[in-house]
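Next comes work08.cif, with mmCIF, C-alpha atoms.
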```
data_structure
loop_
_atom_site.label_atom_id
_atom_site.label_comp_id
_atom_site.auth_asym_id
_atom_site.auth_seq_id
_atom_site.Cartn_x
_atom_site.Cartn_y
_atom_site.Cartn_z
CA MET A 285 -5.95 147.08 51.90
CA THR A 286 -5.55 146.58 55.61
CA GLY A 287 -2.00 145.32 56.15
CA TRP A 288 0.78 146.81 58.23
CA SER A 289 3.09 149.48 56.88
CA HIS A 290 6.41 150.04 58.60
CA LEU A 291 8.95 152.84 58.74
CA THR A 292 12.38 152.29 60.27
CA LEU A 293 14.54 155.31 61.00
CA ARG A 294 17.21 156.69 63.27
CA ALA A 295 15.72 157.93 66.56
CA ASP A 296 16.65 161.54 65.85
CA ARG A 297 14.41 164.58 66.12
CA ARG A 298 15.43 165.68 62.67
CA ASN A 299 13.48 162.70 61.33
CA LEU A 300 10.15 163.88 62.75
CA GLY A 301 9.09 165.30 59.38
CA GLU A 302 9.66 161.89 57.80
CA VAL A 303 7.39 160.33 60.43
CA PHE A 304 4.57 162.76 59.57
CA GLY A 305 5.08 162.19 55.85
CA PHE A 306 4.83 158.42 56.30
CA LEU A 307 1.70 158.67 58.46
CA ARG A 308 -0.02 161.03 56.03
CA GLN A 309 0.74 158.77 53.11
CA VAL A 310 -0.43 155.52 54.73
CA LEU A 311 -3.48 156.99 56.43
CA GLY A 312 -4.38 159.18 53.48
CA GLU A 313 -4.38 156.17 51.13
CA ALA A 314 -6.62 154.38 53.64
CA GLY A 315 -9.16 157.22 53.46
CA ILE A 316 -8.68 158.42 57.04
CA ARG A 317 -10.34 161.80 57.52
CA GLU A 318 -8.26 164.86 58.35
CA ARG A 319 -9.57 165.25 61.89
CA LEU A 320 -8.74 161.66 62.86
CA LEU A 321 -5.42 162.00 61.09
CA LEU A 322 -4.53 164.99 63.27
CA ASP A 323 -5.35 163.00 66.43
CA LEU A 324 -3.17 160.12 65.25
CA GLU A 325 -0.36 162.47 64.28
CA LEU A 326 -0.43 164.02 67.72
CA ALA A 327 -0.35 160.68 69.53
CA VAL A 328 2.49 159.48 67.28
CA GLU A 329 4.47 162.72 67.69
CA GLU A 330 4.27 162.53 71.47
CA ALA A 331 5.39 158.89 71.51
CA VAL A 332 8.08 159.23 68.86
CA VAL A 333 9.61 162.42 70.27
CA ASN A 334 9.82 160.70 73.63
CA VAL A 335 11.83 157.86 72.07
CA MET A 336 13.96 160.29 70.06
CA THR A 337 14.75 162.28 73.19
CA HIS A 338 15.22 159.60 75.84
CA ALA A 339 15.60 156.09 74.43
CA TYR A 340 19.28 156.20 73.51
CA PRO A 341 21.07 158.51 75.95
CA GLY A 342 24.51 159.38 74.65
CA GLY A 343 24.15 157.07 71.68
CA GLU A 344 22.20 156.28 68.57
CA GLY A 345 19.55 153.76 67.72
CA ASP A 346 16.56 153.07 65.55
CA LEU A 347 12.85 153.19 66.01
CA VAL A 348 10.26 151.29 64.03
CA LEU A 349 6.82 152.76 63.45
CA GLY A 350 4.08 150.42 62.29
CA VAL A 351 0.66 151.57 61.10
CA MET A 352 -2.33 149.40 60.32
CA PRO A 353 -5.49 151.09 59.09
CA GLY A 354 -8.01 148.31 59.67
CA PRO A 355 -11.70 148.43 58.77
CA ASP A 356 -12.79 149.53 62.26
CA HIS A 357 -9.62 150.75 63.97
CA VAL A 358 -6.29 152.29 63.17
CA THR A 359 -3.53 150.53 65.10
CA ILE A 360 -0.12 152.12 65.65
CA GLU A 361 2.92 150.33 67.04
CA LEU A 362 6.19 151.94 68.04
CA ARG A 363 9.28 149.83 68.80
CA ASP A 364 12.75 150.77 69.99
CA ARG A 365 15.71 148.98 71.53
CA GLY A 366 16.62 151.76 73.91
CA VAL A 367 16.35 152.08 77.67
CA PRO A 368 13.36 150.09 78.96
CA PHE A 369 10.67 152.66 79.65
CA ASN A 370 6.97 152.18 80.29
CA PRO A 371 5.28 155.51 79.54
CA LEU A 372 2.05 154.24 81.07
CA LEU A 373 3.71 154.44 84.48
CA VAL A 374 4.23 158.20 84.12
CA PRO A 375 1.92 159.86 86.68
CA GLU A 376 -1.06 161.67 85.20
CA PRO A 377 -0.45 165.43 85.27
CA ASP A 378 -2.74 167.57 87.40
CA ILE A 379 -4.56 169.37 84.60
CA SER A 380 -6.51 171.48 87.08
CA ALA A 381 -3.41 172.86 88.83
CA PRO A 382 -3.07 176.64 88.92
CA LEU A 383 -0.51 178.32 86.68
CA GLY A 384 2.25 178.52 89.31
CA GLU A 385 2.21 174.77 89.81
CA ARG A 386 1.81 173.81 86.17
CA GLU A 387 4.39 171.45 84.74
CA VAL A 388 4.45 170.32 81.15
CA GLY A 389 6.03 166.94 81.96
CA GLY A 390 3.63 164.07 81.43
CA LEU A 391 1.39 165.99 79.04
CA GLY A 392 2.51 163.92 76.06
CA ILE A 393 1.40 160.58 77.48
CA HIS A 394 -1.73 162.26 78.87
CA LEU A 395 -2.61 163.36 75.33
CA ILE A 396 -2.00 159.85 73.96
CA ARG A 397 -4.27 158.34 76.60
CA THR A 398 -6.96 160.94 76.06
CA LEU A 399 -6.96 160.72 72.27
CA MET A 400 -6.62 156.98 71.79
CA ASP A 401 -9.16 154.28 72.69
CA GLU A 402 -6.58 151.73 73.84
CA VAL A 403 -2.92 152.08 74.82
CA SER A 404 -0.64 149.24 75.85
CA TYR A 405 3.06 148.76 76.55
CA GLU A 406 5.31 145.75 76.79
CA PHE A 407 9.04 145.13 76.99
CA ARG A 408 9.85 141.97 75.04
CA ASP A 409 13.10 140.56 73.69
CA GLY A 410 14.95 143.79 74.41
CA GLU A 411 12.33 145.99 72.77
CA ASN A 412 10.03 148.67 74.07
CA ILE A 413 6.71 148.16 72.28
CA LEU A 414 4.04 150.82 72.63
CA THR A 415 0.75 150.11 70.86
CA PHE A 416 -2.33 152.26 70.55
CA ARG A 417 -5.62 152.02 68.75
CA LYS A 418 -8.24 154.49 67.68
CA ARG A 419 -11.69 153.73 66.28
CA ARG A 420 -12.48 154.95 62.80
CA ASP A 421 -15.75 156.86 62.70
CA MET B 10 -2.57 166.79 51.43
CA VAL B 11 0.62 168.76 51.95
CA SER B 12 0.63 170.35 55.38
CA ALA B 13 1.66 173.95 55.77
CA PRO B 14 5.02 174.73 57.39
CA PHE B 15 5.08 176.69 60.62
CA GLN B 16 5.26 180.44 60.19
CA VAL B 17 5.47 183.33 62.60
CA SER B 18 4.76 187.00 62.06
CA THR B 19 4.28 189.84 64.49
CA LYS B 20 2.55 193.20 64.56
CA GLN B 21 1.67 195.83 67.12
CA ASP B 22 -1.50 197.57 68.19
CA ARG B 23 -0.67 200.35 70.65
CA ASP B 24 1.46 198.61 73.32
CA VAL B 25 0.07 195.16 72.60
CA ASP B 26 2.11 192.77 70.48
CA ILE B 27 0.27 190.31 68.30
CA ILE B 28 2.05 187.14 67.25
CA LEU B 29 0.47 185.23 64.38
CA PHE B 30 1.23 181.53 64.32
CA SER B 31 0.29 179.47 61.29
CA GLY B 32 0.91 175.96 60.04
CA ARG B 33 1.98 173.24 62.42
CA MET B 34 3.61 173.77 65.81
CA ASP B 35 5.38 170.48 66.49
CA ALA B 36 8.57 169.47 68.31
CA ASN B 37 10.71 170.73 65.43
CA SER B 38 8.98 174.03 64.78
CA SER B 39 8.12 175.07 68.34
CA PRO B 40 11.53 176.66 69.02
CA GLU B 41 10.74 179.22 66.31
CA GLY B 42 7.56 180.19 68.15
CA GLU B 43 9.49 180.27 71.39
CA ASN B 44 12.01 182.70 69.91
CA ALA B 45 9.22 185.05 68.84
CA ILE B 46 7.69 185.12 72.32
CA GLN B 47 11.04 185.28 74.10
CA SER B 48 12.31 188.21 72.07
CA LEU B 49 9.23 190.21 73.08
CA VAL B 50 9.44 189.28 76.75
CA ARG B 51 13.18 190.03 76.89
CA SER B 52 12.61 193.49 75.49
CA GLY B 53 10.01 194.17 78.16
CA ARG B 54 6.97 193.80 75.91
CA THR B 55 4.67 191.56 77.89
CA LYS B 56 1.16 192.36 76.65
CA ILE B 57 0.99 189.60 74.08
CA VAL B 58 -1.81 188.18 71.96
CA VAL B 59 -1.19 184.94 70.12
CA ASN B 60 -3.46 184.83 67.07
CA ALA B 61 -3.68 181.15 66.12
CA SER B 62 -6.13 181.53 63.24
CA GLY B 63 -3.75 179.76 60.85
CA LEU B 64 -2.47 177.17 63.30
CA SER B 65 -3.83 173.77 62.32
CA TYR B 66 -1.86 171.58 64.73
CA ILE B 67 -0.12 171.84 68.08
CA SER B 68 1.62 169.20 70.22
CA SER B 69 2.89 169.29 73.79
CA SER B 70 6.04 171.05 72.52
CA GLY B 71 3.92 173.99 71.39
CA LEU B 72 1.95 173.95 74.64
CA ARG B 73 5.23 174.14 76.55
CA VAL B 74 6.18 177.27 74.61
CA LEU B 75 2.83 178.94 75.28
CA LEU B 76 2.96 178.04 78.98
CA ALA B 77 6.49 179.41 79.40
CA GLY B 78 5.46 182.63 77.66
CA LEU B 79 2.39 182.97 79.85
CA LYS B 80 4.37 182.53 83.06
CA GLN B 81 7.01 185.04 82.04
CA ALA B 82 4.53 187.62 80.79
CA ARG B 83 2.49 187.45 83.99
CA GLN B 84 5.58 187.59 86.20
CA ALA B 85 6.49 190.82 84.41
CA GLY B 86 3.02 192.26 84.99
CA GLY B 87 1.65 191.46 81.53
CA ASP B 88 -0.22 188.53 80.05
CA LEU B 89 -0.25 186.21 77.06
CA ARG B 90 -3.76 185.80 75.67
CA LEU B 91 -4.95 183.50 72.93
CA ALA B 92 -7.29 184.21 70.02
CA CYS B 93 -8.83 182.45 67.01
CA LEU B 94 -8.15 178.84 68.04
CA GLN B 95 -8.83 176.26 65.36
CA PRO B 96 -10.46 172.90 66.24
CA GLN B 97 -7.38 170.76 66.88
CA VAL B 98 -5.66 173.48 68.91
CA ARG B 99 -8.81 174.26 70.89
CA ASP B 100 -9.30 170.55 71.70
CA VAL B 101 -5.70 170.00 72.79
CA ILE B 102 -5.86 173.07 75.00
CA ALA B 103 -9.05 171.75 76.60
CA MET B 104 -7.64 168.21 77.04
CA THR B 105 -4.70 169.56 79.00
CA GLY B 106 -6.69 172.02 81.11
CA PHE B 107 -4.85 174.97 79.55
CA ASN B 108 -8.24 176.57 78.87
CA ARG B 109 -8.38 177.25 82.62
CA ILE B 110 -5.10 179.10 82.80
CA PHE B 111 -5.14 181.02 79.52
CA THR B 112 -7.59 183.78 78.69
CA ILE B 113 -9.00 182.88 75.29
CA PHE B 114 -10.92 185.03 72.82
CA GLU B 115 -12.80 184.29 69.61
CA GLN B 116 -11.36 187.31 67.80
CA GLU B 117 -7.99 189.03 67.79
CA GLU B 118 -9.64 192.44 68.30
CA GLN B 119 -11.33 191.21 71.49
CA ALA B 120 -8.04 189.88 72.83
CA VAL B 121 -6.22 193.14 72.08
CA GLY B 122 -9.09 195.21 73.48
CA SER B 123 -9.07 193.21 76.71
CA PHE B 124 -5.75 194.81 77.62
CA PHE B 125 -7.43 198.22 77.62
CA SER B 126 -10.63 197.41 79.48
#
```
Could you show the structure in this file as structure tokens?
Amino acid sequence: MTGWSHLTLRADRRNLGEVFGFLRQVLGEAGIRERLLLDLELAVEEAVVNVMTHAYPGGEGDLVLGVMPGPDHVTIELRDRGVPFNPLLVPEPDISAPLGEREVGGLGIHLIRTLMDEVSYEFRDGENILTFRKRRD
Amino acid sequence: MVSAPFQVSTKQDRDVDIILFSGRMDANSSPEGENAIQSLVRSGRTKIVVNASGLSYISSSGLRVLLAGLKQARQAGGDLRLACLQPQVRDVIAMTGFNRIFTIFEQEEQAVGSFFS
């Protein structure tokens, strides 16, 4: 079974647990090992929390999470109809900066880039679409 | 697999406070960890060891909490040291370069003892 599974929910932090539950169910049924599952959960949390926090300022909206555990890769797609935002344009944080100059901003997208094999973004038909892929090992 | 909820407990060894984190430290649970660290720092207790032996998962929200605690503890003349990191937490800390700003120990006893050496 290698089709897409989708979860649509309100972009609200209180729904983060539902996101994890969905991921664990889909990826668990696909036989994804725990260590890879943790990497995917982290990438998804960083992306989803960003949408939940910033996509719909002062309002409400949905996000759609798609997961496809293929034979060689797991592909994740996150869509929202909020403010157009390309996370790949966020400057890389200086991870060698001393403590006094350390900022946490940008760490989320840095983690996604580090953990995933491919990350892409497009804005199409009013939707932010962030896609990432990770090899199964 | 059902993942464990985030839990916090604290104990003391002489004037060092040990905070045990277990479960998952994500965007929803991190404020609970933040409260534990903040309540120590606010009461002037700034020699802190975070024992993460039961912590299976951390995201940037958890890292933010640890970083804020470290800055405040050091500004007050103390430190926040880490012990017993599990694989996911150790990897995330390395990926973000936090291994260069935190002092990290294999065992809780070593981390506590480092405040007396």
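Across the structure, atom CA of A:Phe306 and atom CA of A:Asp364 are spaced 17.6 Å apart.
Candidate residues A:Val310, A:Arg298, A:Gly384, A:Phe304 were compared for distance to A:Met352, and the nearest is A:Val310, using all atoms listed in the file.
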Wanna dump the chain A-chain B contacts at 9 Å for me, each residue with its shortest atom pair and the distance in Å to one decimal, counting all atoms listed in the file, ordered by chain and number, as CSV?
```
residue,atom,partner,partner_atom,distance
A:Arg297,CA,B:Asn37,CA,7.2
A:Arg298,CA,B:Asn37,CA,7.4
A:Leu300,CA,B:Asn37,CA,7.4
A:Gly301,CA,B:Asn37,CA,8.3
A:Gly305,CA,B:Val11,CA,8.8
A:Arg308,CA,B:Met10,CA,7.8
A:Gln309,CA,B:Met10,CA,8.8
A:Gly312,CA,B:Met10,CA,8.1
A:Arg319,CA,B:Gln97,CA,7.7
A:Leu322,CA,B:Tyr66,CA,7.3
A:Asp323,CA,B:Gln97,CA,8.0
A:Leu326,CA,B:Ser68,CA,6.1
A:Ala327,CA,B:Ser68,CA,8.8
A:Glu329,CA,B:Ser68,CA,7.5
A:Glu330,CA,B:Ser69,CA,7.3
A:Val333,CA,B:Ala36,CA,7.4
A:Pro377,CA,B:Thr105,CA,8.6
A:Asp378,CA,B:Gly106,CA,8.7
A:Ile379,CA,B:Gly106,CA,4.9
A:Ser380,CA,B:Gly106,CA,6.0
A:Ala381,CA,B:Gly106,CA,8.4
A:Pro382,CA,B:Ile110,CA,6.9
A:Leu383,CA,B:Ile110,CA,6.1
A:Gly384,CA,B:Lys80,CA,7.7
A:Arg386,CA,B:Leu76,CA,8.4
A:Glu387,CA,B:Arg73,CA,8.7
A:Val388,CA,B:Arg73,CA,6.0
A:Leu391,CA,B:Ser69,CA,6.4
A:Gly392,CA,B:Ser69,CA,5.8
A:His394,CA,B:Thr105,CA,7.9
A:Leu395,CA,B:Met104,CA,7.2
A:Thr398,CA,B:Met104,CA,7.4
A:Leu399,CA,B:Met104,CA,8.9
```
Restricting the output to C-alpha atoms, write the selected residues as a short mmCIF file (atom, residue, chain, number, x, y, z; two decimals), keeping the file's coordinate frame.
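Result written to part_36.cif:
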```cif
data_model
loop_
_atom_site.label_atom_id
_atom_site.label_comp_id
_atom_site.auth_asym_id
_atom_site.auth_seq_id
_atom_site.Cartn_x
_atom_site.Cartn_y
_atom_site.Cartn_z
CA ARG A 297 14.41 164.58 66.12
CA ARG A 298 15.43 165.68 62.67
CA LEU A 300 10.15 163.88 62.75
CA GLY A 301 9.09 165.30 59.38
CA GLY A 305 5.08 162.19 55.85
CA ARG A 308 -0.02 161.03 56.03
CA GLN A 309 0.74 158.77 53.11
CA GLY A 312 -4.38 159.18 53.48
CA ARG A 319 -9.57 165.25 61.89
CA LEU A 322 -4.53 164.99 63.27
CA ASP A 323 -5.35 163.00 66.43
CA LEU A 326 -0.43 164.02 67.72
CA ALA A 327 -0.35 160.68 69.53
CA GLU A 329 4.47 162.72 67.69
CA GLU A 330 4.27 162.53 71.47
CA VAL A 333 9.61 162.42 70.27
CA PRO A 377 -0.45 165.43 85.27
CA ASP A 378 -2.74 167.57 87.40
CA ILE A 379 -4.56 169.37 84.60
CA SER A 380 -6.51 171.48 87.08
CA ALA A 381 -3.41 172.86 88.83
CA PRO A 382 -3.07 176.64 88.92
CA LEU A 383 -0.51 178.32 86.68
CA GLY A 384 2.25 178.52 89.31
CA ARG A 386 1.81 173.81 86.17
CA GLU A 387 4.39 171.45 84.74
CA VAL A 388 4.45 170.32 81.15
CA LEU A 391 1.39 165.99 79.04
CA GLY A 392 2.51 163.92 76.06
CA HIS A 394 -1.73 162.26 78.87
CA LEU A 395 -2.61 163.36 75.33
CA THR A 398 -6.96 160.94 76.06
CA LEU A 399 -6.96 160.72 72.27
#
```
Residue IDs satisfying the PyMOL selection byres ((chain A and resi 336) around 6), as a count of residues only: 8
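Using only C-alpha atoms, the shortest contact distance between B:Val50 and any of B:Gln84, B:Ser31, B:Ser38, B:Gln16 is found at B:Gln84.
With distances taken over all atoms listed in the file, B:Gly53 is the one residue among B:Gly53, B:Gly71, B:Gly42, B:Gly78 lying closest to B:Asp24.
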Pick from A:Gly366, A:Gly354, A:Gly315, A:Gly390 nearest to A:Arg294, counting all atoms listed in the file: A:Gly366
Residue contacts of B:Asn60 (6 Å, only C-alpha atoms) excluding same-chain residues fewer than 3 positions away, as a list in words: Ile28, Leu29, Ala92 and Cys93 of chain B
